[in-house]
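Printed here is input_17.cif (mmCIF, N, CA and C atoms):
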data_model
loop_
_atom_site.label_atom_id
_atom_site.label_comp_id
_atom_site.auth_asym_id
_atom_site.auth_seq_id
_atom_site.Cartn_x
_atom_site.Cartn_y
_atom_site.Cartn_z
N MET A 163 -54.62 -24.59 50.62
CA MET A 163 -53.86 -23.61 49.86
C MET A 163 -52.60 -23.16 50.61
N ILE A 164 -52.75 -22.80 51.88
CA ILE A 164 -51.61 -22.34 52.67
C ILE A 164 -50.58 -23.46 52.83
N THR A 165 -51.05 -24.69 52.97
CA THR A 165 -50.15 -25.84 53.08
C THR A 165 -49.32 -26.00 51.82
N LYS A 166 -49.97 -25.81 50.66
CA LYS A 166 -49.25 -25.92 49.38
C LYS A 166 -48.18 -24.84 49.27
N VAL A 167 -48.50 -23.63 49.71
CA VAL A 167 -47.53 -22.53 49.66
C VAL A 167 -46.35 -22.83 50.59
N LYS A 168 -46.63 -23.31 51.80
CA LYS A 168 -45.55 -23.65 52.73
C LYS A 168 -44.66 -24.74 52.16
N LYS A 169 -45.28 -25.74 51.54
CA LYS A 169 -44.51 -26.83 50.94
C LYS A 169 -43.63 -26.32 49.80
N LEU A 170 -44.17 -25.40 49.00
CA LEU A 170 -43.42 -24.82 47.89
C LEU A 170 -42.20 -24.07 48.42
N PHE A 171 -42.37 -23.33 49.51
CA PHE A 171 -41.26 -22.55 50.04
C PHE A 171 -40.25 -23.38 50.80
N LYS A 172 -40.54 -24.63 51.05
CA LYS A 172 -39.52 -25.52 51.60
C LYS A 172 -38.53 -25.90 50.51
N ASN A 173 -38.92 -25.69 49.25
CA ASN A 173 -38.02 -25.91 48.13
C ASN A 173 -37.03 -24.74 48.12
N GLU A 174 -35.76 -25.04 48.34
CA GLU A 174 -34.72 -24.02 48.47
C GLU A 174 -34.63 -23.10 47.26
N ALA A 175 -34.69 -23.65 46.07
CA ALA A 175 -34.56 -22.83 44.85
C ALA A 175 -35.72 -21.86 44.70
N VAL A 176 -36.93 -22.31 45.01
CA VAL A 176 -38.10 -21.42 44.93
C VAL A 176 -37.97 -20.29 45.95
N SER A 177 -37.57 -20.65 47.15
CA SER A 177 -37.37 -19.65 48.20
C SER A 177 -36.28 -18.65 47.80
N TYR A 178 -35.20 -19.16 47.22
CA TYR A 178 -34.10 -18.30 46.77
C TYR A 178 -34.60 -17.30 45.72
N LEU A 179 -35.36 -17.78 44.76
CA LEU A 179 -35.88 -16.88 43.72
C LEU A 179 -36.86 -15.86 44.30
N PHE A 180 -37.73 -16.30 45.20
CA PHE A 180 -38.70 -15.39 45.82
C PHE A 180 -37.99 -14.26 46.54
N TRP A 181 -37.04 -14.61 47.41
CA TRP A 181 -36.32 -13.59 48.16
C TRP A 181 -35.40 -12.76 47.27
N GLY A 182 -34.94 -13.33 46.17
CA GLY A 182 -34.17 -12.57 45.20
C GLY A 182 -34.99 -11.47 44.54
N VAL A 183 -36.23 -11.79 44.25
CA VAL A 183 -37.15 -10.76 43.73
C VAL A 183 -37.33 -9.67 44.79
N GLY A 184 -37.45 -10.09 46.04
CA GLY A 184 -37.56 -9.12 47.13
C GLY A 184 -36.36 -8.21 47.21
N ALA A 185 -35.16 -8.76 47.03
CA ALA A 185 -33.95 -7.95 47.06
C ALA A 185 -33.93 -6.95 45.90
N THR A 186 -34.42 -7.39 44.76
CA THR A 186 -34.52 -6.49 43.61
C THR A 186 -35.48 -5.34 43.90
N VAL A 187 -36.59 -5.65 44.52
CA VAL A 187 -37.57 -4.61 44.89
C VAL A 187 -36.95 -3.63 45.89
N VAL A 188 -36.22 -4.15 46.87
CA VAL A 188 -35.53 -3.28 47.83
C VAL A 188 -34.58 -2.35 47.08
N ASN A 189 -33.81 -2.91 46.15
CA ASN A 189 -32.86 -2.12 45.36
C ASN A 189 -33.58 -0.97 44.66
N TRP A 190 -34.64 -1.29 43.96
CA TRP A 190 -35.36 -0.27 43.19
C TRP A 190 -36.03 0.77 44.09
N ILE A 191 -36.59 0.35 45.21
CA ILE A 191 -37.24 1.31 46.12
C ILE A 191 -36.21 2.27 46.71
N VAL A 192 -35.10 1.72 47.22
CA VAL A 192 -34.06 2.58 47.81
C VAL A 192 -33.51 3.52 46.75
N TYR A 193 -33.24 3.00 45.56
CA TYR A 193 -32.71 3.85 44.49
C TYR A 193 -33.69 4.97 44.15
N THR A 194 -34.96 4.62 44.00
CA THR A 194 -35.97 5.61 43.61
C THR A 194 -36.13 6.68 44.69
N VAL A 195 -36.23 6.27 45.94
CA VAL A 195 -36.38 7.23 47.04
C VAL A 195 -35.17 8.16 47.10
N LEU A 196 -33.97 7.58 47.04
CA LEU A 196 -32.77 8.42 47.11
C LEU A 196 -32.65 9.35 45.91
N SER A 197 -33.02 8.87 44.75
CA SER A 197 -32.86 9.72 43.57
C SER A 197 -33.84 10.90 43.59
N PHE A 198 -34.98 10.73 44.26
CA PHE A 198 -35.94 11.83 44.36
C PHE A 198 -35.73 12.69 45.61
N ALA A 199 -35.28 12.08 46.70
CA ALA A 199 -35.26 12.77 47.99
C ALA A 199 -33.87 13.17 48.47
N SER A 200 -32.85 12.96 47.67
CA SER A 200 -31.51 13.30 48.12
C SER A 200 -30.76 14.03 47.01
N PRO A 201 -29.72 14.73 47.40
CA PRO A 201 -28.91 15.44 46.40
C PRO A 201 -27.81 14.56 45.79
N TYR A 202 -27.79 13.27 46.13
CA TYR A 202 -26.71 12.40 45.70
C TYR A 202 -26.77 12.08 44.22
N SER A 203 -25.61 11.78 43.65
CA SER A 203 -25.52 11.42 42.24
C SER A 203 -26.12 10.04 42.02
N MET A 204 -26.33 9.70 40.74
CA MET A 204 -26.87 8.40 40.37
C MET A 204 -25.96 7.28 40.88
N VAL A 205 -24.66 7.46 40.80
CA VAL A 205 -23.71 6.44 41.24
C VAL A 205 -23.86 6.20 42.75
N ILE A 206 -23.96 7.26 43.52
CA ILE A 206 -24.11 7.13 44.97
C ILE A 206 -25.45 6.47 45.31
N CYS A 207 -26.52 6.93 44.67
CA CYS A 207 -27.84 6.34 44.91
C CYS A 207 -27.86 4.86 44.56
N ASN A 208 -27.26 4.52 43.44
CA ASN A 208 -27.23 3.13 43.00
C ASN A 208 -26.36 2.28 43.93
N SER A 209 -25.26 2.83 44.39
CA SER A 209 -24.38 2.10 45.32
C SER A 209 -25.08 1.82 46.65
N ILE A 210 -25.76 2.82 47.18
CA ILE A 210 -26.50 2.63 48.43
C ILE A 210 -27.63 1.61 48.23
N ALA A 211 -28.31 1.70 47.10
CA ALA A 211 -29.39 0.76 46.79
C ALA A 211 -28.85 -0.66 46.67
N TRP A 212 -27.69 -0.82 46.02
CA TRP A 212 -27.07 -2.15 45.90
C TRP A 212 -26.72 -2.70 47.27
N LEU A 213 -26.14 -1.85 48.12
CA LEU A 213 -25.77 -2.29 49.46
C LEU A 213 -27.01 -2.69 50.26
N ALA A 214 -28.08 -1.93 50.18
CA ALA A 214 -29.32 -2.27 50.88
C ALA A 214 -29.86 -3.62 50.39
N ALA A 215 -29.81 -3.83 49.08
CA ALA A 215 -30.31 -5.09 48.51
C ALA A 215 -29.44 -6.27 48.94
N VAL A 216 -28.13 -6.07 48.99
CA VAL A 216 -27.23 -7.15 49.41
C VAL A 216 -27.45 -7.48 50.89
N LEU A 217 -27.64 -6.46 51.72
CA LEU A 217 -27.93 -6.71 53.14
C LEU A 217 -29.25 -7.46 53.30
N PHE A 218 -30.27 -7.05 52.55
CA PHE A 218 -31.56 -7.75 52.57
C PHE A 218 -31.37 -9.19 52.12
N ALA A 219 -30.60 -9.38 51.05
CA ALA A 219 -30.36 -10.73 50.53
C ALA A 219 -29.61 -11.59 51.55
N TYR A 220 -28.64 -11.01 52.25
CA TYR A 220 -27.91 -11.78 53.26
C TYR A 220 -28.87 -12.26 54.35
N ILE A 221 -29.66 -11.36 54.86
CA ILE A 221 -30.58 -11.71 55.96
C ILE A 221 -31.59 -12.77 55.50
N THR A 222 -32.19 -12.56 54.35
CA THR A 222 -33.21 -13.52 53.88
C THR A 222 -32.59 -14.86 53.49
N ASN A 223 -31.41 -14.82 52.88
CA ASN A 223 -30.73 -16.08 52.53
C ASN A 223 -30.32 -16.83 53.80
N ARG A 224 -29.82 -16.11 54.77
CA ARG A 224 -29.37 -16.73 56.02
C ARG A 224 -30.51 -17.42 56.75
N PHE A 225 -31.64 -16.71 56.90
CA PHE A 225 -32.72 -17.23 57.73
C PHE A 225 -33.77 -18.04 56.98
N PHE A 226 -34.10 -17.64 55.75
CA PHE A 226 -35.25 -18.25 55.07
C PHE A 226 -34.90 -19.19 53.93
N VAL A 227 -33.71 -19.05 53.36
CA VAL A 227 -33.34 -19.91 52.23
C VAL A 227 -32.44 -21.05 52.68
N PHE A 228 -31.29 -20.71 53.27
CA PHE A 228 -30.31 -21.72 53.62
C PHE A 228 -30.35 -22.12 55.10
N HIS A 229 -31.14 -21.41 55.90
CA HIS A 229 -31.35 -21.74 57.32
C HIS A 229 -30.02 -21.94 58.04
N SER A 230 -29.16 -20.93 57.95
CA SER A 230 -27.82 -21.00 58.54
C SER A 230 -27.91 -21.21 60.05
N LYS A 231 -27.06 -22.08 60.54
CA LYS A 231 -26.96 -22.35 61.97
C LYS A 231 -25.67 -21.75 62.55
N THR A 232 -25.03 -20.87 61.82
CA THR A 232 -23.78 -20.25 62.25
C THR A 232 -24.02 -19.41 63.50
N HIS A 233 -23.15 -19.60 64.51
CA HIS A 233 -23.23 -18.85 65.76
C HIS A 233 -21.85 -18.33 66.11
N GLY A 234 -21.83 -17.34 66.95
CA GLY A 234 -20.56 -16.76 67.38
C GLY A 234 -20.17 -15.61 66.47
N LEU A 235 -19.65 -14.56 67.05
CA LEU A 235 -19.33 -13.35 66.30
C LEU A 235 -18.34 -13.60 65.16
N THR A 236 -17.28 -14.33 65.42
CA THR A 236 -16.27 -14.59 64.39
C THR A 236 -16.87 -15.35 63.22
N ALA A 237 -17.63 -16.39 63.51
CA ALA A 237 -18.24 -17.20 62.45
C ALA A 237 -19.28 -16.39 61.67
N LEU A 238 -20.07 -15.57 62.39
CA LEU A 238 -21.07 -14.74 61.71
C LEU A 238 -20.40 -13.71 60.79
N LEU A 239 -19.34 -13.09 61.28
CA LEU A 239 -18.62 -12.12 60.45
C LEU A 239 -18.00 -12.80 59.23
N ARG A 240 -17.46 -13.99 59.42
CA ARG A 240 -16.89 -14.75 58.30
C ARG A 240 -17.97 -15.02 57.25
N GLU A 241 -19.11 -15.50 57.71
CA GLU A 241 -20.23 -15.79 56.80
C GLU A 241 -20.68 -14.53 56.08
N PHE A 242 -20.84 -13.44 56.83
CA PHE A 242 -21.29 -12.17 56.25
C PHE A 242 -20.31 -11.66 55.20
N PHE A 243 -19.01 -11.66 55.51
CA PHE A 243 -18.02 -11.15 54.57
C PHE A 243 -17.82 -12.08 53.37
N LEU A 244 -18.02 -13.37 53.57
CA LEU A 244 -18.02 -14.29 52.42
C LEU A 244 -19.18 -13.95 51.48
N PHE A 245 -20.34 -13.67 52.06
CA PHE A 245 -21.51 -13.31 51.26
C PHE A 245 -21.25 -12.02 50.48
N ILE A 246 -20.76 -11.00 51.17
CA ILE A 246 -20.46 -9.72 50.52
C ILE A 246 -19.41 -9.93 49.42
N GLY A 247 -18.37 -10.68 49.72
CA GLY A 247 -17.33 -10.95 48.73
C GLY A 247 -17.86 -11.66 47.51
N ALA A 248 -18.73 -12.64 47.73
CA ALA A 248 -19.33 -13.36 46.60
C ALA A 248 -20.17 -12.42 45.75
N ARG A 249 -20.92 -11.52 46.39
CA ARG A 249 -21.75 -10.58 45.63
C ARG A 249 -20.91 -9.54 44.89
N VAL A 250 -19.81 -9.12 45.47
CA VAL A 250 -18.91 -8.21 44.77
C VAL A 250 -18.31 -8.93 43.56
N PHE A 251 -17.89 -10.18 43.75
CA PHE A 251 -17.33 -10.99 42.66
C PHE A 251 -18.32 -11.11 41.50
N THR A 252 -19.56 -11.50 41.80
CA THR A 252 -20.54 -11.64 40.71
C THR A 252 -20.98 -10.28 40.18
N GLY A 253 -20.88 -9.26 41.03
CA GLY A 253 -21.20 -7.91 40.57
C GLY A 253 -20.25 -7.44 39.47
N LEU A 254 -19.00 -7.88 39.54
CA LEU A 254 -18.05 -7.54 38.48
C LEU A 254 -18.45 -8.17 37.15
N PHE A 255 -18.93 -9.40 37.21
CA PHE A 255 -19.47 -10.04 35.99
C PHE A 255 -20.65 -9.24 35.46
N GLU A 256 -21.50 -8.81 36.39
CA GLU A 256 -22.70 -8.07 36.00
C GLU A 256 -22.35 -6.74 35.33
N ILE A 257 -21.27 -6.14 35.77
CA ILE A 257 -20.86 -4.86 35.20
C ILE A 257 -20.21 -5.03 33.82
N PHE A 258 -19.31 -6.00 33.70
CA PHE A 258 -18.48 -6.08 32.50
C PHE A 258 -18.92 -7.11 31.45
N LEU A 259 -19.59 -8.17 31.84
CA LEU A 259 -19.92 -9.24 30.90
C LEU A 259 -20.95 -8.85 29.83
N PRO A 260 -21.98 -8.05 30.15
CA PRO A 260 -22.92 -7.70 29.07
C PRO A 260 -22.25 -7.01 27.88
N SER A 261 -21.34 -6.08 28.16
CA SER A 261 -20.68 -5.39 27.04
C SER A 261 -19.77 -6.34 26.26
N LEU A 262 -19.13 -7.28 26.94
CA LEU A 262 -18.31 -8.27 26.26
C LEU A 262 -19.18 -9.15 25.35
N LEU A 263 -20.30 -9.64 25.88
CA LEU A 263 -21.21 -10.45 25.06
C LEU A 263 -21.75 -9.65 23.88
N PHE A 264 -22.02 -8.38 24.13
CA PHE A 264 -22.51 -7.51 23.05
C PHE A 264 -21.46 -7.42 21.94
N ARG A 265 -20.19 -7.22 22.34
CA ARG A 265 -19.11 -7.13 21.35
C ARG A 265 -18.89 -8.47 20.64
N LEU A 266 -19.21 -9.57 21.31
CA LEU A 266 -19.05 -10.89 20.71
C LEU A 266 -20.24 -11.29 19.83
N GLY A 267 -21.24 -10.43 19.75
CA GLY A 267 -22.32 -10.69 18.80
C GLY A 267 -23.72 -10.84 19.37
N ILE A 268 -23.89 -10.84 20.67
CA ILE A 268 -25.25 -10.89 21.22
C ILE A 268 -25.75 -9.45 21.27
N ARG A 269 -26.19 -8.96 20.11
CA ARG A 269 -26.53 -7.55 19.94
C ARG A 269 -28.03 -7.27 19.84
N GLN A 270 -28.82 -8.31 19.93
CA GLN A 270 -30.26 -8.15 19.73
C GLN A 270 -30.86 -7.24 20.82
N SER A 271 -31.74 -6.38 20.37
CA SER A 271 -32.43 -5.51 21.32
C SER A 271 -33.86 -6.04 21.51
N PHE A 272 -34.47 -5.58 22.56
CA PHE A 272 -35.86 -5.94 22.87
C PHE A 272 -36.47 -4.73 23.55
N LEU A 273 -37.66 -4.36 23.14
CA LEU A 273 -38.33 -3.17 23.67
C LEU A 273 -37.43 -1.93 23.54
N SER A 274 -36.68 -1.89 22.45
CA SER A 274 -35.76 -0.79 22.15
C SER A 274 -34.62 -0.67 23.15
N ILE A 275 -34.33 -1.74 23.87
CA ILE A 275 -33.21 -1.74 24.82
C ILE A 275 -32.04 -2.44 24.15
N GLU A 276 -31.03 -1.65 23.82
CA GLU A 276 -29.86 -2.20 23.15
C GLU A 276 -29.14 -3.19 24.07
N GLY A 277 -28.79 -4.34 23.53
CA GLY A 277 -28.08 -5.35 24.30
C GLY A 277 -28.93 -6.06 25.34
N PHE A 278 -30.24 -6.00 25.17
CA PHE A 278 -31.14 -6.61 26.16
C PHE A 278 -30.82 -8.08 26.40
N TRP A 279 -30.60 -8.84 25.33
CA TRP A 279 -30.38 -10.28 25.49
C TRP A 279 -29.03 -10.59 26.12
N ALA A 280 -28.03 -9.76 25.86
CA ALA A 280 -26.74 -9.94 26.54
C ALA A 280 -26.93 -9.72 28.04
N LYS A 281 -27.67 -8.69 28.40
CA LYS A 281 -27.96 -8.40 29.81
C LYS A 281 -28.79 -9.53 30.43
N ALA A 282 -29.75 -10.06 29.68
CA ALA A 282 -30.60 -11.15 30.18
C ALA A 282 -29.78 -12.41 30.44
N VAL A 283 -28.87 -12.75 29.52
CA VAL A 283 -28.02 -13.93 29.70
C VAL A 283 -27.17 -13.76 30.95
N VAL A 284 -26.61 -12.58 31.13
CA VAL A 284 -25.76 -12.33 32.30
C VAL A 284 -26.60 -12.38 33.59
N THR A 285 -27.80 -11.87 33.55
CA THR A 285 -28.67 -11.91 34.73
C THR A 285 -28.92 -13.34 35.18
N VAL A 286 -29.22 -14.22 34.24
CA VAL A 286 -29.44 -15.63 34.58
C VAL A 286 -28.15 -16.24 35.13
N LEU A 287 -27.03 -15.94 34.50
CA LEU A 287 -25.75 -16.44 34.98
C LEU A 287 -25.47 -15.96 36.41
N ILE A 288 -25.74 -14.70 36.70
CA ILE A 288 -25.49 -14.13 38.02
C ILE A 288 -26.37 -14.81 39.07
N ILE A 289 -27.64 -15.03 38.73
CA ILE A 289 -28.55 -15.71 39.67
C ILE A 289 -28.00 -17.10 40.00
N VAL A 290 -27.59 -17.84 38.99
CA VAL A 290 -27.06 -19.19 39.20
C VAL A 290 -25.75 -19.13 40.00
N LEU A 291 -24.85 -18.23 39.63
CA LEU A 291 -23.57 -18.10 40.35
C LEU A 291 -23.78 -17.70 41.81
N ASN A 292 -24.68 -16.75 42.05
CA ASN A 292 -24.96 -16.33 43.43
C ASN A 292 -25.50 -17.49 44.25
N TYR A 293 -26.37 -18.28 43.66
CA TYR A 293 -26.93 -19.44 44.35
C TYR A 293 -25.83 -20.45 44.67
N ILE A 294 -25.01 -20.76 43.68
CA ILE A 294 -23.94 -21.75 43.87
C ILE A 294 -22.95 -21.27 44.94
N LEU A 295 -22.53 -20.02 44.85
CA LEU A 295 -21.59 -19.49 45.84
C LEU A 295 -22.20 -19.48 47.24
N SER A 296 -23.46 -19.11 47.33
CA SER A 296 -24.13 -19.11 48.63
C SER A 296 -24.25 -20.52 49.19
N LYS A 297 -24.65 -21.45 48.35
CA LYS A 297 -24.87 -22.83 48.78
C LYS A 297 -23.56 -23.54 49.14
N LEU A 298 -22.55 -23.39 48.30
CA LEU A 298 -21.32 -24.16 48.47
C LEU A 298 -20.25 -23.49 49.32
N ILE A 299 -20.29 -22.17 49.42
CA ILE A 299 -19.23 -21.47 50.15
C ILE A 299 -19.78 -20.72 51.37
N VAL A 300 -20.73 -19.85 51.17
CA VAL A 300 -21.17 -18.96 52.25
C VAL A 300 -21.97 -19.71 53.32
N PHE A 301 -23.00 -20.44 52.92
CA PHE A 301 -23.91 -21.07 53.87
C PHE A 301 -23.74 -22.60 53.90
N ARG A 302 -22.59 -23.08 53.55
CA ARG A 302 -22.39 -24.53 53.57
C ARG A 302 -22.59 -25.04 54.99
N LYS A 303 -23.05 -26.24 55.10
CA LYS A 303 -23.47 -26.80 56.39
C LYS A 303 -22.32 -27.09 57.35
N THR A 304 -21.07 -27.01 56.89
CA THR A 304 -19.93 -27.32 57.76
C THR A 304 -19.54 -26.15 58.66
N HIS A 305 -20.11 -24.93 58.42
CA HIS A 305 -19.83 -23.79 59.29
C HIS A 305 -20.40 -24.06 60.67
N THR A 306 -19.72 -23.61 61.68
CA THR A 306 -20.23 -23.72 63.06
C THR A 306 -20.24 -22.38 63.73
#
What does this structure look like when you write it as structure tokens?
Amino acid sequence: MITKVKKLFKNEAVSYLFWGVGATVVNWIVYTVLSFASPYSMVICNSIAWLAAVLFAYITNRFFVFHSKTHGLTALLREFFLFIGARVFTGLFEIFLPSLLFRLGIRQSFLSIEGFWAKAVVTVLIIVLNYILSKLIVFRKTHT
């Protein structure tokens, strides 16, 4: 059983999805704790939670998904800021694309959540875009 699990996690896409779920959990935990235990607004709590999730995602993607071999302060900072930049880029899609899709006709709700399917389509797109950007730009094997 343990051998099968190890073999499964050698699959980069499975590992990426697993750690992505972990980043989502980090986001929700940080957001929930801050919203109950701090005087900060929802925007501040959500921003801090997003940053915590992105930092978690960078660390897990670097070590467990893409197995980055980048060394040296300059190269590490380049890799880190490329990762942050990619997440900010896809974050803009995440913010604005659901409402655009909703206006273009993907208006179906689910569980009484208006625009659920527009948000779901964008979520899948963001996961794929984040993977592609991480694989081809941030953690590409040519970094030293």
Could you tell me which residues the PyMOL selection byres (((chain A and resi 216 and name CA) around 9) and name CA) returns for this structure, as a list in words?
->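 On the file shown, the PyMOL selection byres (((chain A and resi 216 and name CA) around 9) and name CA) covers Ala185, Asn189, Ala211, Trp212, Leu213, Ala214, Ala215, Leu217, Phe218, Ala219, Tyr220, Ile221, Phe245, Ile246 and Arg249 of chain A.
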Exercise. Tell me, as a list of chain:residue names, which residues lie within 12 Å of A:Leu244, counting only C-alpha atoms; anything in the same chain fewer than 2 positions away does not count.
Key: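 In the requested format, the answer is A:Tyr220, A:Ala237, A:Leu238, A:Leu239, A:Arg240, A:Glu241, A:Phe242, A:Ile246, A:Gly247, A:Ala248, A:Arg249, A:Val250, A:Phe251, A:Asn292, A:Leu295, A:Ser296, A:Lys297, A:Leu298, A:Ile299, A:Val300, A:Phe301, A:Arg302, A:His305.
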Between A:Gly182, A:Ser271, A:Ser197, A:Leu259, smallest distance to A:Val284 by only N, CA and C atoms belongs to A:Leu259
Between atom CA of A:Tyr193 and atom CA of A:Thr252, what is the distance in Å, rounded to a tenth?
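About the pair atom CA of A:Tyr193 and atom CA of A:Thr252: they are 20.1 Å apart.
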If you count only C-alpha atoms, the residue of A:Trp279, A:Phe258, A:Phe243, A:Phe226 closest to A:Leu179 turns out to be A:Phe226
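One finds atom N of A:Lys281 at 4.9 Å from atom CA of A:Pro260.
Using the PyMOL selection byres ((chain A and resi 178) around 8) on the file at hand returns these residues: Phe171, Asn173, Glu174, Ala175, Val176, Ser177, Leu179, Phe180, Trp181, Gly182, Val183, Gly184, Thr222, Asn223, Phe226, Val227, Phe228 and Tyr293 of chain A.
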What separates atom CA of A:Lys303 and atom CA of A:Leu291 is a distance of 18.2 Å
Handout entry: Selection near A:Gly277, 8 Å with all atoms listed in the file, sequence-local residues under 3 positions removed, as a PyMOL selection string
Key = chain A and resi 260-261+263-264+268-272+274+280-283
